[in-house]
$ cat final.txt   # compact mmCIF, N, CA and C atoms and all ligand atoms
# COMPACT_ATOMS: atom_id res chain seq x y z
N MET A 1 27.25 2.92 -4.80
CA MET A 1 28.35 3.87 -4.61
C MET A 1 29.58 3.36 -5.34
N ASP A 2 30.18 4.20 -6.15
CA ASP A 2 31.34 3.83 -6.95
C ASP A 2 32.53 3.50 -6.03
N ALA A 3 33.09 2.28 -6.20
CA ALA A 3 34.19 1.84 -5.32
C ALA A 3 35.36 2.81 -5.36
N ASN A 4 35.57 3.47 -6.52
CA ASN A 4 36.70 4.41 -6.63
C ASN A 4 36.49 5.67 -5.80
N LEU A 5 35.25 5.91 -5.42
CA LEU A 5 34.95 7.13 -4.67
C LEU A 5 34.78 6.86 -3.19
N LYS A 6 35.27 5.72 -2.75
CA LYS A 6 35.10 5.35 -1.35
C LYS A 6 36.42 5.48 -0.61
N PRO A 7 36.69 6.61 -0.02
CA PRO A 7 37.97 6.72 0.70
C PRO A 7 38.02 5.75 1.89
N GLN A 8 39.19 5.23 2.15
CA GLN A 8 39.39 4.35 3.31
C GLN A 8 39.94 5.13 4.50
N ARG A 9 40.51 6.30 4.20
CA ARG A 9 41.05 7.17 5.25
C ARG A 9 40.72 8.60 4.87
N LEU A 10 40.55 9.45 5.85
CA LEU A 10 40.31 10.87 5.58
C LEU A 10 40.63 11.65 6.84
N GLY A 11 41.63 12.53 6.77
CA GLY A 11 42.02 13.26 7.97
C GLY A 11 42.39 12.30 9.08
N GLN A 12 41.80 12.50 10.24
CA GLN A 12 42.13 11.60 11.36
C GLN A 12 41.35 10.29 11.30
N LEU A 13 40.40 10.20 10.36
CA LEU A 13 39.66 8.94 10.23
C LEU A 13 40.57 7.89 9.60
N ASP A 14 40.86 6.84 10.34
CA ASP A 14 41.68 5.79 9.74
C ASP A 14 40.93 4.46 9.67
N ASP A 15 39.65 4.52 9.92
CA ASP A 15 38.83 3.31 9.89
C ASP A 15 37.47 3.68 9.29
N ILE A 16 37.40 3.68 7.97
CA ILE A 16 36.14 3.98 7.28
C ILE A 16 35.65 2.69 6.65
N THR A 17 34.47 2.27 7.02
CA THR A 17 33.92 1.04 6.45
C THR A 17 32.59 1.36 5.77
N TYR A 18 32.23 0.48 4.86
CA TYR A 18 31.03 0.69 4.06
C TYR A 18 30.13 -0.52 4.21
N GLY A 19 28.86 -0.27 4.41
CA GLY A 19 27.94 -1.38 4.56
C GLY A 19 26.54 -0.96 4.20
N LYS A 20 25.66 -1.92 4.26
CA LYS A 20 24.26 -1.64 3.91
C LYS A 20 23.41 -1.73 5.17
N THR A 21 22.38 -0.92 5.20
CA THR A 21 21.43 -0.98 6.30
C THR A 21 20.13 -1.58 5.80
N SER A 22 19.46 -2.34 6.66
CA SER A 22 18.18 -2.90 6.25
C SER A 22 17.05 -1.91 6.53
N ASN A 23 17.33 -0.90 7.34
CA ASN A 23 16.28 0.07 7.68
C ASN A 23 16.92 1.39 8.10
N ILE A 24 16.91 2.35 7.21
CA ILE A 24 17.57 3.63 7.50
C ILE A 24 16.76 4.48 8.50
N LEU A 25 15.50 4.14 8.67
CA LEU A 25 14.67 4.89 9.62
C LEU A 25 14.55 4.09 10.92
N THR A 26 14.96 4.70 12.01
CA THR A 26 14.88 4.04 13.32
C THR A 26 13.80 4.72 14.14
N ARG A 27 12.96 3.93 14.75
CA ARG A 27 11.91 4.51 15.60
C ARG A 27 12.57 5.36 16.69
N ALA A 28 12.16 6.59 16.84
CA ALA A 28 12.79 7.50 17.80
C ALA A 28 12.30 7.21 19.21
N THR A 29 13.25 7.15 20.13
CA THR A 29 12.90 6.89 21.54
C THR A 29 13.73 7.84 22.41
N GLY A 30 13.53 7.75 23.71
CA GLY A 30 14.35 8.51 24.66
C GLY A 30 14.18 10.01 24.47
N PHE A 31 15.30 10.73 24.49
CA PHE A 31 15.22 12.19 24.47
C PHE A 31 14.75 12.75 23.14
N ILE A 32 14.67 11.92 22.11
CA ILE A 32 14.13 12.41 20.83
C ILE A 32 12.76 11.78 20.53
N GLU A 33 12.10 11.34 21.57
CA GLU A 33 10.82 10.65 21.32
C GLU A 33 9.74 11.57 20.76
N ALA A 34 9.99 12.88 20.73
CA ALA A 34 9.03 13.79 20.10
C ALA A 34 9.01 13.57 18.59
N TYR A 35 10.04 12.88 18.09
CA TYR A 35 10.10 12.56 16.66
C TYR A 35 9.56 11.15 16.43
N ASP A 36 9.24 10.87 15.18
CA ASP A 36 8.82 9.51 14.85
C ASP A 36 10.03 8.63 14.52
N TYR A 37 10.99 9.21 13.78
CA TYR A 37 12.14 8.43 13.33
C TYR A 37 13.42 9.24 13.48
N SER A 38 14.51 8.54 13.70
CA SER A 38 15.82 9.15 13.52
C SER A 38 16.43 8.55 12.25
N LEU A 39 17.26 9.34 11.61
CA LEU A 39 17.86 8.92 10.35
C LEU A 39 19.35 9.27 10.43
N ASN A 40 20.19 8.24 10.41
CA ASN A 40 21.64 8.43 10.51
C ASN A 40 22.32 7.83 9.28
N PRO A 41 22.72 8.65 8.32
CA PRO A 41 23.37 8.09 7.13
C PRO A 41 24.73 7.46 7.45
N TYR A 42 25.33 7.91 8.55
CA TYR A 42 26.63 7.40 8.99
C TYR A 42 26.50 6.92 10.43
N SER A 43 27.40 6.02 10.84
CA SER A 43 27.64 5.78 12.26
C SER A 43 29.05 6.28 12.52
N GLY A 44 29.24 6.85 13.71
CA GLY A 44 30.55 7.42 14.01
C GLY A 44 30.63 8.83 13.47
N CYS A 45 31.65 9.56 13.93
CA CYS A 45 31.75 10.96 13.52
C CYS A 45 33.21 11.39 13.58
N ALA A 46 33.65 12.01 12.48
CA ALA A 46 35.05 12.42 12.37
C ALA A 46 35.42 13.53 13.35
N PHE A 47 34.44 14.25 13.84
CA PHE A 47 34.77 15.37 14.72
C PHE A 47 35.22 14.89 16.09
N GLY A 48 34.69 13.77 16.54
CA GLY A 48 35.18 13.17 17.78
C GLY A 48 35.11 14.06 19.00
N CYS A 49 34.08 14.86 19.11
CA CYS A 49 33.97 15.76 20.27
C CYS A 49 34.02 14.94 21.57
N THR A 50 34.78 15.42 22.51
CA THR A 50 34.96 14.64 23.75
C THR A 50 33.68 14.56 24.57
N TYR A 51 32.79 15.51 24.38
CA TYR A 51 31.55 15.52 25.17
C TYR A 51 30.42 14.77 24.47
N CYS A 52 30.68 14.16 23.34
CA CYS A 52 29.60 13.61 22.51
C CYS A 52 28.93 12.40 23.17
N TYR A 53 27.64 12.51 23.40
CA TYR A 53 26.92 11.39 23.99
C TYR A 53 26.85 10.20 23.04
N ALA A 54 26.93 10.48 21.72
CA ALA A 54 26.77 9.40 20.73
C ALA A 54 27.86 8.34 20.89
N ALA A 55 29.03 8.75 21.39
CA ALA A 55 30.11 7.79 21.58
C ALA A 55 29.66 6.64 22.48
N PHE A 56 28.79 6.95 23.44
CA PHE A 56 28.36 5.94 24.40
C PHE A 56 27.32 4.98 23.82
N PHE A 57 26.81 5.32 22.63
CA PHE A 57 25.90 4.40 21.94
C PHE A 57 26.65 3.53 20.93
N SER A 58 27.97 3.62 20.93
CA SER A 58 28.77 2.82 20.00
C SER A 58 28.54 1.34 20.25
N ARG A 59 28.75 0.55 19.18
CA ARG A 59 28.38 -0.86 19.32
C ARG A 59 29.43 -1.71 20.01
N SER A 60 30.61 -1.17 20.32
CA SER A 60 31.62 -1.96 21.02
C SER A 60 32.55 -1.02 21.78
N PRO A 61 33.29 -1.56 22.76
CA PRO A 61 34.27 -0.72 23.47
C PRO A 61 35.30 -0.12 22.51
N TYR A 62 35.69 -0.90 21.48
CA TYR A 62 36.64 -0.36 20.49
C TYR A 62 36.09 0.91 19.88
N HIS A 63 34.82 0.87 19.45
CA HIS A 63 34.23 2.04 18.79
C HIS A 63 34.07 3.20 19.76
N ARG A 64 33.76 2.90 21.01
CA ARG A 64 33.61 3.97 22.00
C ARG A 64 34.99 4.60 22.29
N ASP A 65 36.00 3.76 22.46
CA ASP A 65 37.33 4.27 22.82
C ASP A 65 37.99 5.00 21.66
N ASN A 66 37.57 4.68 20.44
CA ASN A 66 38.20 5.30 19.26
C ASN A 66 37.24 6.27 18.58
N TRP A 67 36.33 6.80 19.34
CA TRP A 67 35.37 7.77 18.80
C TRP A 67 36.12 8.92 18.12
N GLY A 68 35.74 9.22 16.89
CA GLY A 68 36.41 10.29 16.15
C GLY A 68 37.40 9.75 15.13
N TYR A 69 37.69 8.43 15.20
CA TYR A 69 38.68 7.84 14.29
C TYR A 69 38.06 6.81 13.35
N TRP A 70 36.77 6.57 13.50
CA TRP A 70 36.12 5.59 12.63
C TRP A 70 34.75 6.13 12.18
N VAL A 71 34.33 5.69 11.02
CA VAL A 71 32.98 5.99 10.52
C VAL A 71 32.51 4.79 9.72
N ARG A 72 31.28 4.41 9.92
CA ARG A 72 30.66 3.39 9.07
C ARG A 72 29.67 4.12 8.17
N VAL A 73 29.81 3.90 6.88
CA VAL A 73 28.96 4.55 5.89
C VAL A 73 27.81 3.61 5.53
N LYS A 74 26.60 4.08 5.68
CA LYS A 74 25.43 3.27 5.28
C LYS A 74 25.16 3.59 3.82
N GLU A 75 25.91 2.94 2.96
CA GLU A 75 25.98 3.38 1.57
C GLU A 75 24.66 3.25 0.81
N ASN A 76 23.74 2.45 1.32
CA ASN A 76 22.45 2.32 0.62
C ASN A 76 21.36 3.16 1.29
N ALA A 77 21.77 4.15 2.09
CA ALA A 77 20.78 4.94 2.85
C ALA A 77 19.69 5.51 1.95
N ALA A 78 20.08 6.14 0.86
CA ALA A 78 19.08 6.77 -0.01
C ALA A 78 18.24 5.71 -0.73
N ASP A 79 18.87 4.63 -1.16
CA ASP A 79 18.13 3.56 -1.85
C ASP A 79 17.13 2.91 -0.90
N ASN A 80 17.56 2.70 0.32
CA ASN A 80 16.68 2.08 1.31
C ASN A 80 15.45 2.96 1.55
N LEU A 81 15.68 4.25 1.65
CA LEU A 81 14.57 5.18 1.85
C LEU A 81 13.67 5.20 0.62
N ASN A 82 14.30 5.20 -0.52
CA ASN A 82 13.54 5.22 -1.79
C ASN A 82 12.65 3.98 -1.91
N ARG A 83 13.20 2.84 -1.51
CA ARG A 83 12.41 1.59 -1.59
C ARG A 83 11.17 1.68 -0.72
N LYS A 84 11.37 2.22 0.51
CA LYS A 84 10.22 2.38 1.41
C LYS A 84 9.16 3.28 0.78
N LEU A 85 9.61 4.36 0.18
CA LEU A 85 8.66 5.32 -0.39
C LEU A 85 7.99 4.77 -1.65
N ARG A 86 8.71 3.89 -2.36
CA ARG A 86 8.10 3.27 -3.55
C ARG A 86 7.02 2.27 -3.13
N ARG A 87 7.31 1.55 -2.03
CA ARG A 87 6.33 0.57 -1.53
C ARG A 87 5.07 1.26 -1.04
N ASN A 88 5.28 2.40 -0.35
CA ASN A 88 4.15 3.15 0.18
C ASN A 88 4.51 4.64 0.19
N SER A 89 4.07 5.34 -0.82
CA SER A 89 4.49 6.73 -1.00
C SER A 89 3.99 7.64 0.14
N ARG A 90 3.06 7.14 0.93
CA ARG A 90 2.52 7.98 2.00
C ARG A 90 3.02 7.56 3.38
N CYS A 91 4.00 6.65 3.43
CA CYS A 91 4.43 6.10 4.72
C CYS A 91 5.05 7.16 5.64
N LEU A 92 5.52 8.26 5.08
CA LEU A 92 6.11 9.29 5.94
C LEU A 92 5.22 10.52 6.08
N ASP A 93 4.03 10.44 5.55
CA ASP A 93 3.12 11.58 5.66
C ASP A 93 2.88 11.94 7.12
N GLY A 94 3.10 13.19 7.46
CA GLY A 94 2.86 13.67 8.82
C GLY A 94 3.90 13.23 9.84
N LYS A 95 4.94 12.51 9.39
CA LYS A 95 5.95 12.01 10.33
C LYS A 95 7.04 13.05 10.56
N ARG A 96 7.66 12.94 11.73
CA ARG A 96 8.75 13.84 12.07
C ARG A 96 10.06 13.05 12.12
N ILE A 97 11.03 13.52 11.36
CA ILE A 97 12.29 12.78 11.23
C ILE A 97 13.42 13.65 11.76
N TYR A 98 14.29 13.04 12.55
CA TYR A 98 15.44 13.77 13.09
C TYR A 98 16.72 13.21 12.47
N MET A 99 17.45 14.07 11.79
CA MET A 99 18.70 13.65 11.15
C MET A 99 19.81 14.62 11.62
N SER A 100 20.67 14.18 12.50
CA SER A 100 20.90 12.79 12.88
C SER A 100 21.14 12.72 14.39
N SER A 101 20.79 11.63 14.99
CA SER A 101 20.87 11.52 16.45
C SER A 101 22.23 11.02 16.94
N VAL A 102 22.97 10.27 16.12
CA VAL A 102 24.25 9.72 16.62
C VAL A 102 25.41 9.92 15.64
N THR A 103 25.29 10.93 14.80
CA THR A 103 26.38 11.25 13.90
C THR A 103 26.18 12.68 13.43
N ASP A 104 27.19 13.24 12.76
CA ASP A 104 27.00 14.54 12.12
C ASP A 104 26.78 14.27 10.63
N PRO A 105 25.58 14.57 10.12
CA PRO A 105 25.31 14.24 8.72
C PRO A 105 26.16 15.05 7.74
N TYR A 106 26.80 16.10 8.24
CA TYR A 106 27.66 16.93 7.38
C TYR A 106 29.11 16.92 7.85
N GLN A 107 29.55 15.75 8.34
CA GLN A 107 30.97 15.64 8.67
C GLN A 107 31.78 15.62 7.37
N PRO A 108 33.11 15.78 7.44
CA PRO A 108 33.92 15.97 6.22
C PRO A 108 33.70 14.91 5.13
N LEU A 109 33.47 13.67 5.51
CA LEU A 109 33.28 12.60 4.53
C LEU A 109 32.09 12.89 3.59
N GLU A 110 31.13 13.61 4.09
CA GLU A 110 29.93 13.92 3.29
C GLU A 110 30.30 14.68 2.02
N ARG A 111 31.32 15.50 2.07
CA ARG A 111 31.71 16.27 0.87
C ARG A 111 32.16 15.33 -0.24
N LYS A 112 32.73 14.20 0.13
CA LYS A 112 33.19 13.25 -0.88
C LYS A 112 32.07 12.31 -1.31
N LEU A 113 31.21 11.91 -0.37
CA LEU A 113 30.24 10.85 -0.67
C LEU A 113 28.86 11.37 -1.05
N GLY A 114 28.46 12.51 -0.52
CA GLY A 114 27.14 13.06 -0.84
C GLY A 114 25.98 12.19 -0.40
N LEU A 115 26.20 11.43 0.67
CA LEU A 115 25.17 10.50 1.12
C LEU A 115 23.98 11.24 1.75
N THR A 116 24.27 12.20 2.59
CA THR A 116 23.20 12.99 3.20
C THR A 116 22.43 13.73 2.11
N ARG A 117 23.17 14.24 1.15
CA ARG A 117 22.53 14.94 0.04
C ARG A 117 21.56 14.00 -0.70
N ALA A 118 22.01 12.78 -0.96
CA ALA A 118 21.16 11.82 -1.67
C ALA A 118 19.90 11.50 -0.86
N VAL A 119 20.06 11.40 0.46
CA VAL A 119 18.89 11.15 1.32
C VAL A 119 17.92 12.32 1.23
N LEU A 120 18.47 13.53 1.28
CA LEU A 120 17.60 14.72 1.23
C LEU A 120 16.84 14.79 -0.09
N GLU A 121 17.50 14.35 -1.15
CA GLU A 121 16.81 14.39 -2.45
C GLU A 121 15.59 13.47 -2.46
N LYS A 122 15.68 12.38 -1.70
CA LYS A 122 14.51 11.47 -1.61
C LYS A 122 13.41 12.07 -0.73
N LEU A 123 13.81 13.00 0.12
CA LEU A 123 12.83 13.59 1.06
C LEU A 123 12.30 14.93 0.58
N GLN A 124 12.46 15.20 -0.70
CA GLN A 124 11.93 16.46 -1.22
C GLN A 124 10.43 16.36 -1.40
N ARG A 125 9.76 16.18 -0.29
CA ARG A 125 8.31 16.06 -0.32
C ARG A 125 7.80 16.94 0.81
N PRO A 126 6.74 17.62 0.64
CA PRO A 126 6.26 18.54 1.69
C PRO A 126 5.51 17.84 2.81
N ARG A 127 5.41 16.51 2.74
CA ARG A 127 4.46 15.85 3.64
C ARG A 127 5.06 15.34 4.94
N GLN A 128 6.38 15.48 5.13
CA GLN A 128 6.95 15.12 6.41
C GLN A 128 7.76 16.31 6.94
N THR A 129 8.09 16.24 8.22
CA THR A 129 8.91 17.30 8.83
C THR A 129 10.29 16.72 9.07
N LEU A 130 11.29 17.44 8.62
CA LEU A 130 12.67 16.97 8.79
C LEU A 130 13.44 18.00 9.59
N THR A 131 14.06 17.55 10.67
CA THR A 131 14.95 18.42 11.45
C THR A 131 16.37 17.92 11.24
N ILE A 132 17.27 18.84 10.86
CA ILE A 132 18.67 18.47 10.64
C ILE A 132 19.48 19.05 11.80
N SER A 133 20.29 18.18 12.43
CA SER A 133 20.98 18.58 13.65
C SER A 133 21.98 19.70 13.41
N ARG A 134 22.59 19.75 12.24
CA ARG A 134 23.57 20.80 11.97
C ARG A 134 23.71 20.92 10.46
N VAL A 135 23.80 22.14 9.97
CA VAL A 135 24.10 22.31 8.54
C VAL A 135 25.26 23.29 8.41
N PRO A 136 26.25 22.96 7.58
CA PRO A 136 27.36 23.88 7.37
C PRO A 136 26.93 25.02 6.44
N ASN A 137 27.73 26.07 6.38
CA ASN A 137 27.37 27.22 5.54
C ASN A 137 27.17 26.85 4.09
N TRP A 138 28.02 25.94 3.56
CA TRP A 138 27.91 25.62 2.14
C TRP A 138 26.60 24.94 1.82
N TRP A 139 25.91 24.41 2.83
CA TRP A 139 24.64 23.73 2.60
C TRP A 139 23.62 24.67 1.95
N PHE A 140 23.67 25.95 2.33
CA PHE A 140 22.65 26.86 1.85
C PHE A 140 22.75 27.05 0.34
N LYS A 141 23.97 26.96 -0.19
CA LYS A 141 24.14 27.04 -1.65
C LYS A 141 23.48 25.83 -2.30
N HIS A 142 23.73 24.66 -1.67
CA HIS A 142 23.14 23.42 -2.20
C HIS A 142 21.62 23.49 -2.14
N ALA A 143 21.09 23.97 -1.01
CA ALA A 143 19.64 24.03 -0.84
C ALA A 143 19.01 24.94 -1.87
N ALA A 144 19.71 26.00 -2.24
CA ALA A 144 19.16 26.92 -3.23
C ALA A 144 19.01 26.25 -4.59
N ARG A 145 19.84 25.21 -4.83
CA ARG A 145 19.77 24.52 -6.14
C ARG A 145 18.74 23.40 -6.14
N MET A 146 18.24 23.01 -4.95
CA MET A 146 17.31 21.88 -4.87
C MET A 146 15.91 22.27 -5.34
S1 LIG A 201 27.98 13.79 16.45
FE1 LIG A 201 28.11 16.00 16.91
S2 LIG A 201 28.76 16.12 19.05
FE2 LIG A 201 29.17 14.03 18.34
S3 LIG A 201 31.32 14.05 17.66
FE3 LIG A 201 30.03 14.50 15.89
S4 LIG A 201 29.91 16.76 15.79
FE4 LIG A 201 30.62 16.19 17.83
$ encode --input "final.txt" --output "C-alpha cells" --more "lines below"
Ligand code: SF4
Amino acid sequence: MDANLKPQRLGQLDDITYGKTSNILTRATGFIEAYDYSLNPYSGCAFGCTYCYAAFFSRSPYHRDNWGYWVRVKENAADNLNRKLRRNSRCLDGKRIYMSSVTDPYQPLERKLGLTRAVLEKLQRPRQTLTISRVPNWWFKHAARM
C-alpha cells in the first residue's frame, strides 16, 4: 500500500493504524459457525454504532471505549489471501466465508484504500460462497465492472 495513500485521520476517525495480518481468514465460531471463515479487512469501524456487538470484541478497554474513532487496516489482506491461494488453489473450494463479522468492509476508509475491493478481486472464483454483511449502493457499479 502506497504510504502517500494512507490517511491517518478521516472524519471522526482520529486513530488509523496500518499493520499486517498473518492470517486474514479466521475460523468462524459462535453465532457465525455456519460459515467456515470470517474475513475482516479492517478492525474497528468508523460508524461507531452504539449497539454494535463488535465493540465488545475489541482487544483492549481503550478500543472498546473509543469504538468509532479508531480503525486498524490489515494492509496485506489481499496479499495474504493470494498467498494462501497460490500455495493451494483449492483451499477455499466449497468453503463459506463471511465478510465481515467485526467491521464494516465498506466503511468510508474503503473508498480511499480499496482494501475490500482488492480482497474481492482475489475471490473472483466460483468455488467458494461469500456473504458480505453490507454493500453500499455504489458497490453495484463496481460489481458490474468485475
Ligand atoms: S460494524 Fe456495523 S454495526 Fe458495528 S459500528 Fe460498524 S456499521 Fe455499525
$ residues_near_point --input "final.txt" --point "(12.4, 4.4, 6.1)" --cutoff "5 Å" --atoms "all atoms listed in the file" --output "MDAnalysis selection string"
chainID A and resid 24:25 81
$ residues_near_point --input "final.txt" --point "(33.3, 12.1, 10.1)" --cutoff "6 Å" --atoms "all atoms listed in the file" --output "ChimeraX atom specification"
/A:44-47,107-109
$ write_last_selection --input "final.txt" --atoms "N, CA and C atoms" --output "PDB file, keeping the file's coordinate frame"
ATOM      1  N   GLY A  44      29.240   6.850  13.710  1.00  0.00           N
ATOM      2  CA  GLY A  44      30.550   7.420  14.010  1.00  0.00           C
ATOM      3  C   GLY A  44      30.630   8.830  13.470  1.00  0.00           C
ATOM      4  N   CYS A  45      31.650   9.560  13.930  1.00  0.00           N
ATOM      5  CA  CYS A  45      31.750  10.960  13.520  1.00  0.00           C
ATOM      6  C   CYS A  45      33.210  11.390  13.580  1.00  0.00           C
ATOM      7  N   ALA A  46      33.650  12.010  12.480  1.00  0.00           N
ATOM      8  CA  ALA A  46      35.050  12.420  12.370  1.00  0.00           C
ATOM      9  C   ALA A  46      35.420  13.530  13.350  1.00  0.00           C
ATOM     10  N   PHE A  47      34.440  14.250  13.840  1.00  0.00           N
ATOM     11  CA  PHE A  47      34.770  15.370  14.720  1.00  0.00           C
ATOM     12  C   PHE A  47      35.220  14.890  16.090  1.00  0.00           C
ATOM     13  N   GLN A 107      29.550  15.750   8.340  1.00  0.00           N
ATOM     14  CA  GLN A 107      30.970  15.640   8.670  1.00  0.00           C
ATOM     15  C   GLN A 107      31.780  15.620   7.370  1.00  0.00           C
ATOM     16  N   PRO A 108      33.110  15.780   7.440  1.00  0.00           N
ATOM     17  CA  PRO A 108      33.920  15.970   6.220  1.00  0.00           C
ATOM     18  C   PRO A 108      33.700  14.910   5.130  1.00  0.00           C
ATOM     19  N   LEU A 109      33.470  13.670   5.510  1.00  0.00           N
ATOM     20  CA  LEU A 109      33.280  12.600   4.530  1.00  0.00           C
ATOM     21  C   LEU A 109      32.090  12.890   3.590  1.00  0.00           C
TER      22      LEU A 109
END
$ atom_distance --input "final.txt" --atom1 "atom CA of Lys6 of chain A" --atom2 "atom CA of Lys112 of chain A"
8.1 Å
$ select_by_dssp --input "final.txt" --residues "segment 26-145 of chain A" --states "alpha helix (DSSP H)" --output "compact mmCIF listing (two decimals) with N, CA and C atoms, keeping the file's coordinate frame"
# COMPACT_ATOMS: atom_id res chain seq x y z
N PRO A 61 33.29 -1.56 22.76
CA PRO A 61 34.27 -0.72 23.47
C PRO A 61 35.30 -0.12 22.51
N TYR A 62 35.69 -0.90 21.48
CA TYR A 62 36.64 -0.36 20.49
C TYR A 62 36.09 0.91 19.88
N HIS A 63 34.82 0.87 19.45
CA HIS A 63 34.23 2.04 18.79
C HIS A 63 34.07 3.20 19.76
N ARG A 64 33.76 2.90 21.01
CA ARG A 64 33.61 3.97 22.00
C ARG A 64 34.99 4.60 22.29
N ASP A 65 36.00 3.76 22.46
CA ASP A 65 37.33 4.27 22.82
C ASP A 65 37.99 5.00 21.66
N ALA A 77 21.77 4.15 2.09
CA ALA A 77 20.78 4.94 2.85
C ALA A 77 19.69 5.51 1.95
N ALA A 78 20.08 6.14 0.86
CA ALA A 78 19.08 6.77 -0.01
C ALA A 78 18.24 5.71 -0.73
N ASP A 79 18.87 4.63 -1.16
CA ASP A 79 18.13 3.56 -1.85
C ASP A 79 17.13 2.91 -0.90
N ASN A 80 17.56 2.70 0.32
CA ASN A 80 16.68 2.08 1.31
C ASN A 80 15.45 2.96 1.55
N LEU A 81 15.68 4.25 1.65
CA LEU A 81 14.57 5.18 1.85
C LEU A 81 13.67 5.20 0.62
N ASN A 82 14.30 5.20 -0.52
CA ASN A 82 13.54 5.22 -1.79
C ASN A 82 12.65 3.98 -1.91
N ARG A 83 13.20 2.84 -1.51
CA ARG A 83 12.41 1.59 -1.59
C ARG A 83 11.17 1.68 -0.72
N LYS A 84 11.37 2.22 0.51
CA LYS A 84 10.22 2.38 1.41
C LYS A 84 9.16 3.28 0.78
N LEU A 85 9.61 4.36 0.18
CA LEU A 85 8.66 5.32 -0.39
C LEU A 85 7.99 4.77 -1.65
N ARG A 86 8.71 3.89 -2.36
CA ARG A 86 8.10 3.27 -3.55
C ARG A 86 7.02 2.27 -3.13
N ARG A 87 7.31 1.55 -2.03
CA ARG A 87 6.33 0.57 -1.53
C ARG A 87 5.07 1.26 -1.04
N LEU A 109 33.47 13.67 5.51
CA LEU A 109 33.28 12.60 4.53
C LEU A 109 32.09 12.89 3.59
N GLU A 110 31.13 13.61 4.09
CA GLU A 110 29.93 13.92 3.29
C GLU A 110 30.30 14.68 2.02
N ARG A 111 31.32 15.50 2.07
CA ARG A 111 31.71 16.27 0.87
C ARG A 111 32.16 15.33 -0.24
N LYS A 112 32.73 14.20 0.13
CA LYS A 112 33.19 13.25 -0.88
C LYS A 112 32.07 12.31 -1.31
N LEU A 113 31.21 11.91 -0.37
CA LEU A 113 30.24 10.85 -0.67
C LEU A 113 28.86 11.37 -1.05
N LEU A 115 26.20 11.43 0.67
CA LEU A 115 25.17 10.50 1.12
C LEU A 115 23.98 11.24 1.75
N THR A 116 24.27 12.20 2.59
CA THR A 116 23.20 12.99 3.20
C THR A 116 22.43 13.73 2.11
N ARG A 117 23.17 14.24 1.15
CA ARG A 117 22.53 14.94 0.04
C ARG A 117 21.56 14.00 -0.70
N ALA A 118 22.01 12.78 -0.96
CA ALA A 118 21.16 11.82 -1.67
C ALA A 118 19.90 11.50 -0.86
N VAL A 119 20.06 11.40 0.46
CA VAL A 119 18.89 11.15 1.32
C VAL A 119 17.92 12.32 1.23
N LEU A 120 18.47 13.53 1.28
CA LEU A 120 17.60 14.72 1.23
C LEU A 120 16.84 14.79 -0.09
N GLU A 121 17.50 14.35 -1.15
CA GLU A 121 16.81 14.39 -2.45
C GLU A 121 15.59 13.47 -2.46
N LYS A 122 15.68 12.38 -1.70
CA LYS A 122 14.51 11.47 -1.61
C LYS A 122 13.41 12.07 -0.73
N TRP A 139 25.91 24.41 2.83
CA TRP A 139 24.64 23.73 2.60
C TRP A 139 23.62 24.67 1.95
N PHE A 140 23.67 25.95 2.33
CA PHE A 140 22.65 26.86 1.85
C PHE A 140 22.75 27.05 0.34
N LYS A 141 23.97 26.96 -0.19
CA LYS A 141 24.14 27.04 -1.65
C LYS A 141 23.48 25.83 -2.30
N HIS A 142 23.73 24.66 -1.67
CA HIS A 142 23.14 23.42 -2.20
C HIS A 142 21.62 23.49 -2.14
N ALA A 143 21.09 23.97 -1.01
CA ALA A 143 19.64 24.03 -0.84
C ALA A 143 19.01 24.94 -1.87
N ALA A 144 19.71 26.00 -2.24
CA ALA A 144 19.16 26.92 -3.23
C ALA A 144 19.01 26.25 -4.59
N ARG A 145 19.84 25.21 -4.83
CA ARG A 145 19.77 24.52 -6.14
C ARG A 145 18.74 23.40 -6.14
$ select_by_dssp --input "final.txt" --residues "segment 19-134 of chain A" --states "strand (DSSP E or B)" --output "JSON, numbers by chain"
{"A": [19, 25, 26, 27, 37, 38, 39, 42, 43, 70, 71, 72, 73, 74, 96, 97, 98, 99, 129, 130, 131, 132]}
$ closest_residue --input "final.txt" --among "A:Asp36, A:Asp15, A:Asp65, A:Asp2" --to "Tyr98 of chain A" --atoms "only N, CA and C atoms"
A:Asp36
